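Enquirer: Below is one structure. I have some questions about it.
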2 protein chains.
Amino acid sequence: MTERSVLNLKNMVPRTEQQYEQIREQKRDLILQAALELFADEGFHSTSISKIAKSAGISKGLMYNYFESKEALLKEIVISGFIDLTGTFDPNHDGILTTEELEFFINQTFETLKSNTKYWKLYFAIMMQPSVLKMFEDDFAKIIRSIFEMLEEYFRKKGYENPELESKLFGAILDGLAFHYVTDPSNFPIEEVKKTLINRYVRKH
Amino acid sequence: MTERSVLNLKNMVPRTEQQYEQIREQKRDLILQAALELFADEGFHSTSISKIAKSAGISKGLMYNYFESKEALLKEIVISGFIDLTGTFDPNHDGILTTEELEFFINQTFETLKSNTKYWKLYFAIMMQPSVLKMFEDDFAKIIRSIFEMLEEYFRKKGYENPELESKLFGAILDGLAFHYVTDPSNFPIEEVKKTLINRYVRKH
DNA sequence: TACTTTTGACCAAACGTTCAGTCAAAAAAT
DNA sequence: ATTTTTTGACTGAACGTTTGGTCAAAAGTA
């Protein structure tokens with residue numbers, strides 16, 4: 001105590017920075033979680049800042065201590081989620097997709113589909129709204145393009161007749177399955193579908 | 001004019017009513033078209049009644065002469081569009097899907113995808129918002145269920161190992177392709193994908 | 001005149017955002 | 001040990017704006 005006061009003559013801090021930082025981070029996560037849930041369930045425009053604040057157990061005003069705006073809040077949720085989602089593709093970042101990596105990616109995708117359904121919902125909703133999508137497409141485009149290039153190369157290596165077509169078909173199938181799953185999870189045989197997909201694209205050829 | 005008044009003795013406002021009706025119908029279609037376009041591009045909540053009115057070339061107040069509310073307007077667009085879309089499935093309404101009918105349905109689906117992209121966009125956006133979807137799910141559920149039942153029966157008849165799984169996979173693939181097409185039509189090889197799909201599901205087995 | 005159609009000013013409600021001020025907690029001074 | 005000072009998380013009333021919806025009046029048509 002006396003030590004500190006000697007050491008911190010200039011820096012007069014009532015609560016330690018660490019403490020503040022910890023409180024802030026926890027609360028930030030709380031807000032992000034509440035916002036994701038509401039954005040996914042009710043849509044971006046139908047979800048008011050007040051509703052998010054209430055769901056996170058804080059005041060409306062405090063929201064603006066943590067996030068610059070409602071848009072900035074959405075942006076952080078969507079972009080960080082997208083990076084999480086696509087991060088399991090080509091995990092060693094060598095630009096080449098092996099059979100094992102593709103199987104791993106499919107497995108991971110279905111795993112996040114179950115564990116993070118809310119994010120997938122939000123993602124699909126955003127992809128359908130050009131006025132909102134503009135906020136993200138720069139961030140998305142690069143990642144998506146590189147994924148499709150690697151997929152194409154994978155199918156070429158595997159001897160498919162039309163690799164470009166096959167890569168787009170594969171992407172569409174994966175998104176279609178995800179779409180149907182989030183629309184009605186209880187009636188979708190996700191495990192069997194996953195097996196079928198792996199059999200069709202990984203084991204064969 | 002004198003001619004007309006002679007011809008219409010009993011009906012005090014006869015031919016005029018016809019004219020009015022025709023004008024009304026035309027204007028209604030104009031509004032529906034403008035609204036579909038805006039709802040699809042900007043989203044339901046971001047599209048104001050004023051914007052639709054301006055786009056249709058009429059006043060805001062007149063909108064309420066043609067539609068009870070903004071919600072009723074959306075409802076009519078979505079439901080009538082959905083009926084149009086699914087009407088080409090089992091066209092003779094005998095509850096049984098033939099090979100030719102399935103091929104016809106796939107062709108029709110891809111045709112509407114190209115000619116009615118805006119509707120598909122709106123449909124996907126709505127499917128992702130439970131709070132909005134509630135307005136429609138009663139109307140959708142019956143149709144969707146019957147389609148999947150017929151698909152399942154089709155695959156059973158064709159000798160597929162797991163018809164239920166296969167029908168859900170087929171539905172997901174079709175929606176996935178539609179989703180990717182409306183997201184970026186210019187980069188999607190829709191014709192080749194259609195051929196591949198028909199080859200895979202109609203010609204084989 | 002009798003009618004329908006059309007307009008845009010108007011309303012209450014809800015929105016995102018701001019901000020003056022409160023508070024508990026901890027450091028510093030006593 | 002006690003008191004004072006300093007901090008930033010936190011609140012909610014208030015703001016300007018936009019919204020879906022209404023309505024009296026004007027315009028058009030017979």
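Each chain of the structure tokens is named A, B, ... in the order shown, its residues numbered from 1; ligands are numbered from 1 in display order.
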Let me make sure I understand: if you superpose chain B onto chain A using all C-alpha atoms paired in order, what RMSD in Å results?
Expert: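 Rounded to one decimal, the C-alpha RMSD is 1.7 Å.
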Enquirer: Taking only C-alpha atoms (C1' of nucleotides) into account, report as JSON, numbers by chain which residues of chain D lie within 10 Å of chain A.
Expert: {"D": [5, 6, 7, 8, 9, 10, 11, 12]}
Enquirer: Could you write out the selected residues, including N, CA and C atoms (P, O5', C5', C4', C3', O3' and C1' of nucleotides), as a CSV table (one decimal), in the first residue's frame?
Expert:
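Written file, out21.csv:
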```csv
chain,number,residue,atom,x,y,z
D,5,DT,P,-11.6,16.8,0.1
D,5,DT,O5',-11.1,15.8,-1.0
D,5,DT,C5',-9.7,15.5,-1.0
D,5,DT,C4',-9.5,14.5,-2.1
D,5,DT,C3',-10.1,14.9,-3.5
D,5,DT,O3',-9.0,14.8,-4.4
D,5,DT,C1',-10.7,12.7,-3.0
D,6,DT,P,-9.2,15.3,-5.9
D,6,DT,O5',-9.4,14.0,-6.7
D,6,DT,C5',-8.4,13.0,-6.7
D,6,DT,C4',-9.0,11.8,-7.4
D,6,DT,C3',-9.7,12.0,-8.7
D,6,DT,O3',-9.0,11.3,-9.7
D,6,DT,C1',-11.0,10.6,-7.4
D,7,DT,P,-9.3,11.6,-11.3
D,7,DT,O5',-10.1,10.2,-11.6
D,7,DT,C5',-9.4,9.0,-11.4
D,7,DT,C4',-10.5,7.9,-11.4
D,7,DT,C3',-11.4,7.9,-12.6
D,7,DT,O3',-10.8,7.0,-13.6
D,7,DT,C1',-12.5,7.4,-10.5
D,8,DG,P,-11.1,7.1,-15.1
D,8,DG,O5',-12.4,6.1,-15.2
D,8,DG,C5',-12.2,4.7,-14.8
D,8,DG,C4',-13.6,4.2,-14.6
D,8,DG,C3',-14.5,4.2,-15.9
D,8,DG,O3',-15.4,3.2,-15.9
D,8,DG,C1',-15.5,5.4,-14.2
D,9,DA,P,-15.8,2.4,-17.2
D,9,DA,O5',-16.9,1.4,-16.6
D,9,DA,C5',-16.7,0.6,-15.5
D,9,DA,C4',-18.0,0.6,-14.6
D,9,DA,C3',-19.2,0.2,-15.4
D,9,DA,O3',-20.0,-0.7,-14.6
D,9,DA,C1',-19.5,2.3,-14.4
D,10,DC,P,-21.3,-1.4,-15.3
D,10,DC,O5',-22.4,-0.4,-15.0
D,10,DC,C5',-22.8,0.0,-13.7
D,10,DC,C4',-23.8,1.2,-13.7
D,10,DC,C3',-24.9,1.1,-14.7
D,10,DC,O3',-26.1,0.6,-14.0
D,10,DC,C1',-24.1,3.3,-14.4
D,11,DT,P,-27.4,0.3,-14.8
D,11,DT,O5',-28.2,1.7,-14.7
D,11,DT,C5',-28.5,2.2,-13.4
D,11,DT,C4',-29.1,3.6,-13.5
D,11,DT,C3',-30.4,3.7,-14.4
D,11,DT,O3',-31.5,3.9,-13.6
D,11,DT,C1',-28.8,5.5,-14.8
D,12,DG,P,-32.9,3.4,-14.0
D,12,DG,O5',-33.6,4.7,-14.6
D,12,DG,C5',-33.5,5.9,-13.9
D,12,DG,C4',-33.8,7.1,-14.9
D,12,DG,C3',-34.9,6.9,-15.9
D,12,DG,O3',-35.6,8.1,-16.1
D,12,DG,C1',-33.0,7.3,-17.0
```
Enquirer: Pick the closest to chain A from C:DA24, C:DA9, C:DC15, C:DA2: which is it, counting only C-alpha atoms (C1' of nucleotides)?
Expert: C:DC15
Enquirer: Just the residues within 9 Å of segment 197-203 of chain A, please, counting only C-alpha atoms (C1' of nucleotides), with nothing from its chain fewer than 5 positions along; format it as a PyMOL selection string.
Expert: chain A and resi 99-100+102-103+106-107+170+174+192
Enquirer: Would you save the residues of that selection, restricted to N, CA and C atoms, as an mmCIF file, in the first residue's frame?
Expert:
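That gives us again29.cif:
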```
data_model
loop_
_atom_site.group_PDB
_atom_site.id
_atom_site.type_symbol
_atom_site.label_atom_id
_atom_site.label_comp_id
_atom_site.auth_asym_id
_atom_site.auth_seq_id
_atom_site.Cartn_x
_atom_site.Cartn_y
_atom_site.Cartn_z
ATOM 1 N N THR A 99 -7.882 -34.195 -47.869
ATOM 2 C CA THR A 99 -9.115 -34.942 -47.594
ATOM 3 C C THR A 99 -9.480 -34.869 -46.113
ATOM 4 N N GLU A 100 -8.458 -35.031 -45.284
ATOM 5 C CA GLU A 100 -8.707 -34.998 -43.839
ATOM 6 C C GLU A 100 -9.218 -33.630 -43.398
ATOM 7 N N LEU A 102 -10.904 -31.485 -45.201
ATOM 8 C CA LEU A 102 -12.285 -31.287 -45.623
ATOM 9 C C LEU A 102 -13.248 -32.008 -44.682
ATOM 10 N N GLU A 103 -12.876 -33.231 -44.311
ATOM 11 C CA GLU A 103 -13.726 -33.970 -43.380
ATOM 12 C C GLU A 103 -13.826 -33.230 -42.048
ATOM 13 N N ILE A 106 -16.166 -30.231 -42.486
ATOM 14 C CA ILE A 106 -17.581 -30.623 -42.490
ATOM 15 C C ILE A 106 -18.049 -30.934 -41.075
ATOM 16 N N ASN A 107 -17.235 -31.704 -40.359
ATOM 17 C CA ASN A 107 -17.594 -32.029 -38.986
ATOM 18 C C ASN A 107 -17.740 -30.785 -38.125
ATOM 19 N N PHE A 170 -21.246 -27.870 -53.944
ATOM 20 C CA PHE A 170 -20.935 -28.256 -52.569
ATOM 21 C C PHE A 170 -21.260 -27.124 -51.587
ATOM 22 N N LEU A 174 -24.090 -27.315 -48.593
ATOM 23 C CA LEU A 174 -23.774 -27.080 -47.183
ATOM 24 C C LEU A 174 -24.666 -25.983 -46.602
ATOM 25 N N GLU A 192 -27.395 -38.027 -39.692
ATOM 26 C CA GLU A 192 -27.387 -38.886 -40.881
ATOM 27 C C GLU A 192 -26.979 -38.093 -42.121
#
```
Enquirer: Residues of chain C within 10 Å of chain A, counting only C-alpha atoms (C1' of nucleotides), what are they? List them as number ranges by chain.
Expert: C: 14-19, 25-28
Enquirer: Just to be explicit: take each residue in the selection above, keep N, CA and C atoms (P, O5', C5', C4', C3', O3' and C1' of nucleotides), and write the result as an mmCIF file, in the first residue's frame.
Expert:
```cif
data_model
loop_
_atom_site.group_PDB
_atom_site.id
_atom_site.type_symbol
_atom_site.label_atom_id
_atom_site.label_comp_id
_atom_site.auth_asym_id
_atom_site.auth_seq_id
_atom_site.Cartn_x
_atom_site.Cartn_y
_atom_site.Cartn_z
ATOM 1 P P DA C 14 -45.342 2.328 -28.199
ATOM 2 O "O5'" DA C 14 -43.976 2.318 -29.002
ATOM 3 C "C5'" DA C 14 -43.980 1.975 -30.377
ATOM 4 C "C4'" DA C 14 -42.622 2.307 -30.961
ATOM 5 C "C3'" DA C 14 -41.458 1.936 -30.026
ATOM 6 O "O3'" DA C 14 -40.524 1.142 -30.744
ATOM 7 C "C1'" DA C 14 -41.261 4.179 -30.787
ATOM 8 P P DC C 15 -39.324 0.493 -30.023
ATOM 9 O "O5'" DC C 15 -38.089 1.229 -30.672
ATOM 10 C "C5'" DC C 15 -38.007 1.279 -32.110
ATOM 11 C "C4'" DC C 15 -37.098 2.403 -32.525
ATOM 12 C "C3'" DC C 15 -35.803 2.456 -31.736
ATOM 13 O "O3'" DC C 15 -34.874 1.576 -32.342
ATOM 14 C "C1'" DC C 15 -36.722 4.652 -32.136
ATOM 15 P P DG C 16 -33.554 1.187 -31.598
ATOM 16 O "O5'" DG C 16 -32.625 2.424 -31.910
ATOM 17 C "C5'" DG C 16 -32.236 2.697 -33.254
ATOM 18 C "C4'" DG C 16 -31.378 3.937 -33.285
ATOM 19 C "C3'" DG C 16 -30.056 3.823 -32.539
ATOM 20 O "O3'" DG C 16 -29.056 4.552 -33.252
ATOM 21 C "C1'" DG C 16 -31.370 5.505 -31.532
ATOM 22 P P DT C 17 -27.538 4.503 -32.729
ATOM 23 O "O5'" DT C 17 -27.484 5.789 -31.807
ATOM 24 C "C5'" DT C 17 -27.823 7.060 -32.375
ATOM 25 C "C4'" DT C 17 -27.828 8.116 -31.308
ATOM 26 C "C3'" DT C 17 -26.599 8.133 -30.378
ATOM 27 O "O3'" DT C 17 -25.901 9.350 -30.567
ATOM 28 C "C1'" DT C 17 -28.615 8.466 -29.184
ATOM 29 P P DT C 18 -24.604 9.691 -29.712
ATOM 30 O "O5'" DT C 18 -25.219 10.641 -28.588
ATOM 31 C "C5'" DT C 18 -25.972 11.778 -28.987
ATOM 32 C "C4'" DT C 18 -26.387 12.577 -27.766
ATOM 33 C "C3'" DT C 18 -25.250 12.910 -26.789
ATOM 34 O "O3'" DT C 18 -25.359 14.289 -26.468
ATOM 35 C "C1'" DT C 18 -27.028 11.896 -25.629
ATOM 36 P P DC C 19 -24.073 15.074 -25.926
ATOM 37 O "O5'" DC C 19 -24.538 15.386 -24.430
ATOM 38 C "C5'" DC C 19 -25.919 15.524 -24.136
ATOM 39 C "C4'" DC C 19 -26.137 15.494 -22.633
ATOM 40 C "C3'" DC C 19 -24.856 15.690 -21.804
ATOM 41 O "O3'" DC C 19 -25.175 16.461 -20.673
ATOM 42 C "C1'" DC C 19 -25.855 13.652 -21.224
ATOM 43 P P DA C 25 -19.291 -1.445 -3.014
ATOM 44 O "O5'" DA C 25 -17.830 -1.065 -3.506
ATOM 45 C "C5'" DA C 25 -17.519 -1.168 -4.883
ATOM 46 C "C4'" DA C 25 -16.173 -0.540 -5.140
ATOM 47 C "C3'" DA C 25 -15.107 -0.907 -4.094
ATOM 48 O "O3'" DA C 25 -13.929 -1.246 -4.790
ATOM 49 C "C1'" DA C 25 -15.207 1.427 -4.350
ATOM 50 P P DA C 26 -12.845 -2.229 -4.074
ATOM 51 O "O5'" DA C 26 -11.536 -1.346 -4.199
ATOM 52 C "C5'" DA C 26 -11.213 -0.766 -5.454
ATOM 53 C "C4'" DA C 26 -10.436 0.499 -5.224
ATOM 54 C "C3'" DA C 26 -9.273 0.364 -4.221
ATOM 55 O "O3'" DA C 26 -8.108 0.862 -4.830
ATOM 56 C "C1'" DA C 26 -10.542 2.275 -3.771
ATOM 57 P P DA C 27 -6.659 0.536 -4.265
ATOM 58 O "O5'" DA C 27 -6.039 2.007 -4.270
ATOM 59 C "C5'" DA C 27 -6.118 2.774 -5.471
ATOM 60 C "C4'" DA C 27 -5.872 4.235 -5.159
ATOM 61 C "C3'" DA C 27 -4.594 4.511 -4.380
ATOM 62 O "O3'" DA C 27 -3.961 5.631 -4.967
ATOM 63 C "C1'" DA C 27 -6.452 5.382 -3.205
ATOM 64 P P DA C 28 -2.576 6.118 -4.468
ATOM 65 O "O5'" DA C 28 -3.000 7.311 -3.494
ATOM 66 C "C5'" DA C 28 -3.953 8.262 -3.960
ATOM 67 C "C4'" DA C 28 -4.057 9.416 -2.987
ATOM 68 C "C3'" DA C 28 -2.782 9.742 -2.219
ATOM 69 O "O3'" DA C 28 -2.616 11.156 -2.242
ATOM 70 C "C1'" DA C 28 -4.532 9.215 -0.680
#
```
Enquirer: Write out, as JSON lines, each residue of chain B that has an atom at most 8 Å from chain A, together with the closest pair of atoms and their distance in Å to one decimal, counting only C-alpha atoms, rows going by chain and rising number.
Expert:
```
{"residue": "B:Ala40", "atom": "CA", "partner": "A:Gln129", "partner_atom": "CA", "distance": 7.5}
{"residue": "B:Asp41", "atom": "CA", "partner": "A:Pro130", "partner_atom": "CA", "distance": 6.2}
{"residue": "B:Glu42", "atom": "CA", "partner": "A:Ser131", "partner_atom": "CA", "distance": 5.7}
{"residue": "B:Gly43", "atom": "CA", "partner": "A:Gln129", "partner_atom": "CA", "distance": 6.2}
{"residue": "B:His45", "atom": "CA", "partner": "A:His45", "partner_atom": "CA", "distance": 6.3}
{"residue": "B:Ser46", "atom": "CA", "partner": "A:His45", "partner_atom": "CA", "distance": 7.4}
{"residue": "B:Lys121", "atom": "CA", "partner": "A:Met128", "partner_atom": "CA", "distance": 6.2}
{"residue": "B:Leu122", "atom": "CA", "partner": "A:Met128", "partner_atom": "CA", "distance": 7.7}
{"residue": "B:Phe124", "atom": "CA", "partner": "A:Met128", "partner_atom": "CA", "distance": 6.9}
{"residue": "B:Ala125", "atom": "CA", "partner": "A:Ala125", "partner_atom": "CA", "distance": 5.5}
{"residue": "B:Met127", "atom": "CA", "partner": "A:Thr183", "partner_atom": "CA", "distance": 7.0}
{"residue": "B:Met128", "atom": "CA", "partner": "A:Ala125", "partner_atom": "CA", "distance": 5.6}
{"residue": "B:Gln129", "atom": "CA", "partner": "A:Glu42", "partner_atom": "CA", "distance": 6.0}
{"residue": "B:Pro130", "atom": "CA", "partner": "A:Asp41", "partner_atom": "CA", "distance": 6.2}
{"residue": "B:Ser131", "atom": "CA", "partner": "A:Glu42", "partner_atom": "CA", "distance": 5.7}
{"residue": "B:Leu165", "atom": "CA", "partner": "A:Pro189", "partner_atom": "CA", "distance": 7.1}
{"residue": "B:Lys168", "atom": "CA", "partner": "A:Phe188", "partner_atom": "CA", "distance": 7.7}
{"residue": "B:Leu169", "atom": "CA", "partner": "A:Val193", "partner_atom": "CA", "distance": 7.2}
{"residue": "B:Ala172", "atom": "CA", "partner": "A:Gly176", "partner_atom": "CA", "distance": 4.6}
{"residue": "B:Ile173", "atom": "CA", "partner": "A:Ile173", "partner_atom": "CA", "distance": 4.9}
{"residue": "B:Leu174", "atom": "CA", "partner": "A:Gly176", "partner_atom": "CA", "distance": 7.3}
{"residue": "B:Asp175", "atom": "CA", "partner": "A:Gly176", "partner_atom": "CA", "distance": 5.5}
{"residue": "B:Gly176", "atom": "CA", "partner": "A:Gly176", "partner_atom": "CA", "distance": 3.4}
{"residue": "B:Leu177", "atom": "CA", "partner": "A:Ala172", "partner_atom": "CA", "distance": 5.1}
{"residue": "B:Phe179", "atom": "CA", "partner": "A:Ala172", "partner_atom": "CA", "distance": 7.4}
{"residue": "B:His180", "atom": "CA", "partner": "A:Ala172", "partner_atom": "CA", "distance": 6.0}
{"residue": "B:Thr183", "atom": "CA", "partner": "A:Met127", "partner_atom": "CA", "distance": 7.0}
{"residue": "B:Phe188", "atom": "CA", "partner": "A:Lys168", "partner_atom": "CA", "distance": 7.7}
{"residue": "B:Pro189", "atom": "CA", "partner": "A:Leu165", "partner_atom": "CA", "distance": 7.1}
{"residue": "B:Glu192", "atom": "CA", "partner": "A:Leu165", "partner_atom": "CA", "distance": 7.6}
{"residue": "B:Val193", "atom": "CA", "partner": "A:Leu165", "partner_atom": "CA", "distance": 7.1}
```
Enquirer: Would you save the residues from that selection as a compact mmCIF listing (two decimals), in the first residue's frame, using N, CA and C atoms?
Expert:
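Now in part.txt:
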```txt
# COMPACT_ATOMS: atom_id res chain seq x y z
N ALA B 40 -37.89 -6.86 -50.65
CA ALA B 40 -36.80 -7.79 -50.95
C ALA B 40 -35.44 -7.09 -50.85
N ASP B 41 -35.39 -5.86 -51.33
CA ASP B 41 -34.09 -5.16 -51.36
C ASP B 41 -33.69 -4.57 -50.03
N GLU B 42 -34.67 -4.00 -49.33
CA GLU B 42 -34.33 -3.25 -48.11
C GLU B 42 -34.79 -3.95 -46.84
N GLY B 43 -35.65 -4.93 -46.98
CA GLY B 43 -36.21 -5.57 -45.80
C GLY B 43 -37.53 -4.96 -45.40
N HIS B 45 -38.88 -4.12 -42.41
CA HIS B 45 -38.91 -3.04 -41.42
C HIS B 45 -38.28 -1.74 -41.93
N SER B 46 -37.32 -1.88 -42.81
CA SER B 46 -36.65 -0.68 -43.32
C SER B 46 -37.41 -0.02 -44.46
N LYS B 121 -35.82 -13.93 -52.60
CA LYS B 121 -35.09 -13.17 -51.59
C LYS B 121 -35.97 -12.90 -50.37
N LEU B 122 -37.14 -12.40 -50.68
CA LEU B 122 -38.07 -12.07 -49.59
C LEU B 122 -38.43 -13.31 -48.80
N PHE B 124 -36.68 -16.06 -48.33
CA PHE B 124 -35.58 -16.47 -47.45
C PHE B 124 -35.47 -15.56 -46.23
N ALA B 125 -35.61 -14.28 -46.49
CA ALA B 125 -35.51 -13.33 -45.37
C ALA B 125 -36.58 -13.61 -44.33
N MET B 127 -38.19 -16.49 -43.78
CA MET B 127 -37.99 -17.77 -43.11
C MET B 127 -37.01 -17.65 -41.95
N MET B 128 -36.21 -16.60 -41.95
CA MET B 128 -35.21 -16.45 -40.90
C MET B 128 -35.67 -15.57 -39.75
N GLN B 129 -36.93 -15.14 -39.78
CA GLN B 129 -37.40 -14.28 -38.69
C GLN B 129 -38.68 -14.81 -38.05
N PRO B 130 -38.51 -15.60 -37.00
CA PRO B 130 -39.64 -16.22 -36.33
C PRO B 130 -40.78 -15.26 -36.03
N SER B 131 -40.42 -14.04 -35.62
CA SER B 131 -41.48 -13.10 -35.23
C SER B 131 -42.32 -12.71 -36.44
N LEU B 165 -34.61 -39.49 -45.48
CA LEU B 165 -33.37 -38.73 -45.51
C LEU B 165 -33.16 -38.08 -46.87
N LYS B 168 -35.35 -35.02 -47.53
CA LYS B 168 -34.89 -33.83 -46.81
C LYS B 168 -33.60 -33.28 -47.42
N LEU B 169 -32.76 -34.19 -47.86
CA LEU B 169 -31.54 -33.76 -48.53
C LEU B 169 -31.87 -33.02 -49.82
N ALA B 172 -33.23 -29.57 -49.09
CA ALA B 172 -32.16 -28.67 -48.64
C ALA B 172 -31.28 -28.24 -49.80
N ILE B 173 -31.00 -29.18 -50.69
CA ILE B 173 -30.15 -28.85 -51.84
C ILE B 173 -30.83 -27.81 -52.72
N LEU B 174 -32.11 -28.02 -52.97
CA LEU B 174 -32.84 -27.08 -53.82
C LEU B 174 -32.83 -25.68 -53.22
N ASP B 175 -33.10 -25.61 -51.91
CA ASP B 175 -33.10 -24.30 -51.25
C ASP B 175 -31.69 -23.71 -51.19
N GLY B 176 -30.69 -24.57 -51.00
CA GLY B 176 -29.32 -24.09 -50.96
C GLY B 176 -28.90 -23.47 -52.29
N LEU B 177 -29.29 -24.14 -53.36
CA LEU B 177 -28.97 -23.60 -54.69
C LEU B 177 -29.69 -22.28 -54.90
N PHE B 179 -30.68 -20.23 -52.65
CA PHE B 179 -30.06 -19.24 -51.77
C PHE B 179 -28.79 -18.65 -52.39
N HIS B 180 -27.94 -19.54 -52.87
CA HIS B 180 -26.70 -19.05 -53.48
C HIS B 180 -26.97 -18.26 -54.76
N THR B 183 -28.21 -14.80 -53.83
CA THR B 183 -27.17 -14.02 -53.17
C THR B 183 -26.23 -13.37 -54.19
N PHE B 188 -23.30 -17.46 -60.53
CA PHE B 188 -23.80 -18.81 -60.26
C PHE B 188 -24.20 -19.50 -61.55
N PRO B 189 -23.59 -20.66 -61.82
CA PRO B 189 -23.85 -21.38 -63.08
C PRO B 189 -25.15 -22.14 -63.04
N GLU B 192 -26.08 -25.12 -65.63
CA GLU B 192 -25.32 -26.37 -65.45
C GLU B 192 -25.76 -27.09 -64.17
N VAL B 193 -26.00 -26.29 -63.12
CA VAL B 193 -26.43 -26.89 -61.87
C VAL B 193 -27.77 -27.58 -62.05
```
Enquirer: Can you pull out the residues contacting Leu73 of chain A? Cut-off 8 Å, using only C-alpha atoms (C1' of nucleotides), and skip same-chain residues under 5 positions away; I want them as a PyMOL selection string.
Expert: chain A and resi 32+35+67-68
Enquirer: One decimal, in Å: what's the spacing between atom CA of Ala56 of chain B and atom CA of Ile31 of chain B?
Expert: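 Rounded to one decimal, the two atoms are 5.6 Å apart.
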Enquirer: Which one of A:Leu74, A:Met150, A:Leu133, A:Leu30 sits closest to His93 of chain A if you count only C-alpha atoms?
Expert: A:Met150
Enquirer: Give the alpha helix (DSSP H) residues of segment 16-124 of chain A, as DSSP finds them on the backbone, and put them as a PyMOL selection string.
Expert: chain A and resi 17-42+49-56+60-66+70-86+99-115+117-124
Enquirer: Work out how far atom C1' of DC10 of chain C is from atom C1' of DG21 of chain D, in Å to one decimal.
Expert: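 It comes out at 10.5 Å.
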Enquirer: Any idea what's packed within 12 Å of DC11 of chain C, counting only C-alpha atoms (C1' of nucleotides), ignoring anything in its chain fewer than 6 positions away? Could you give it as a PyMOL selection string?
Expert: chain D and resi 19-23
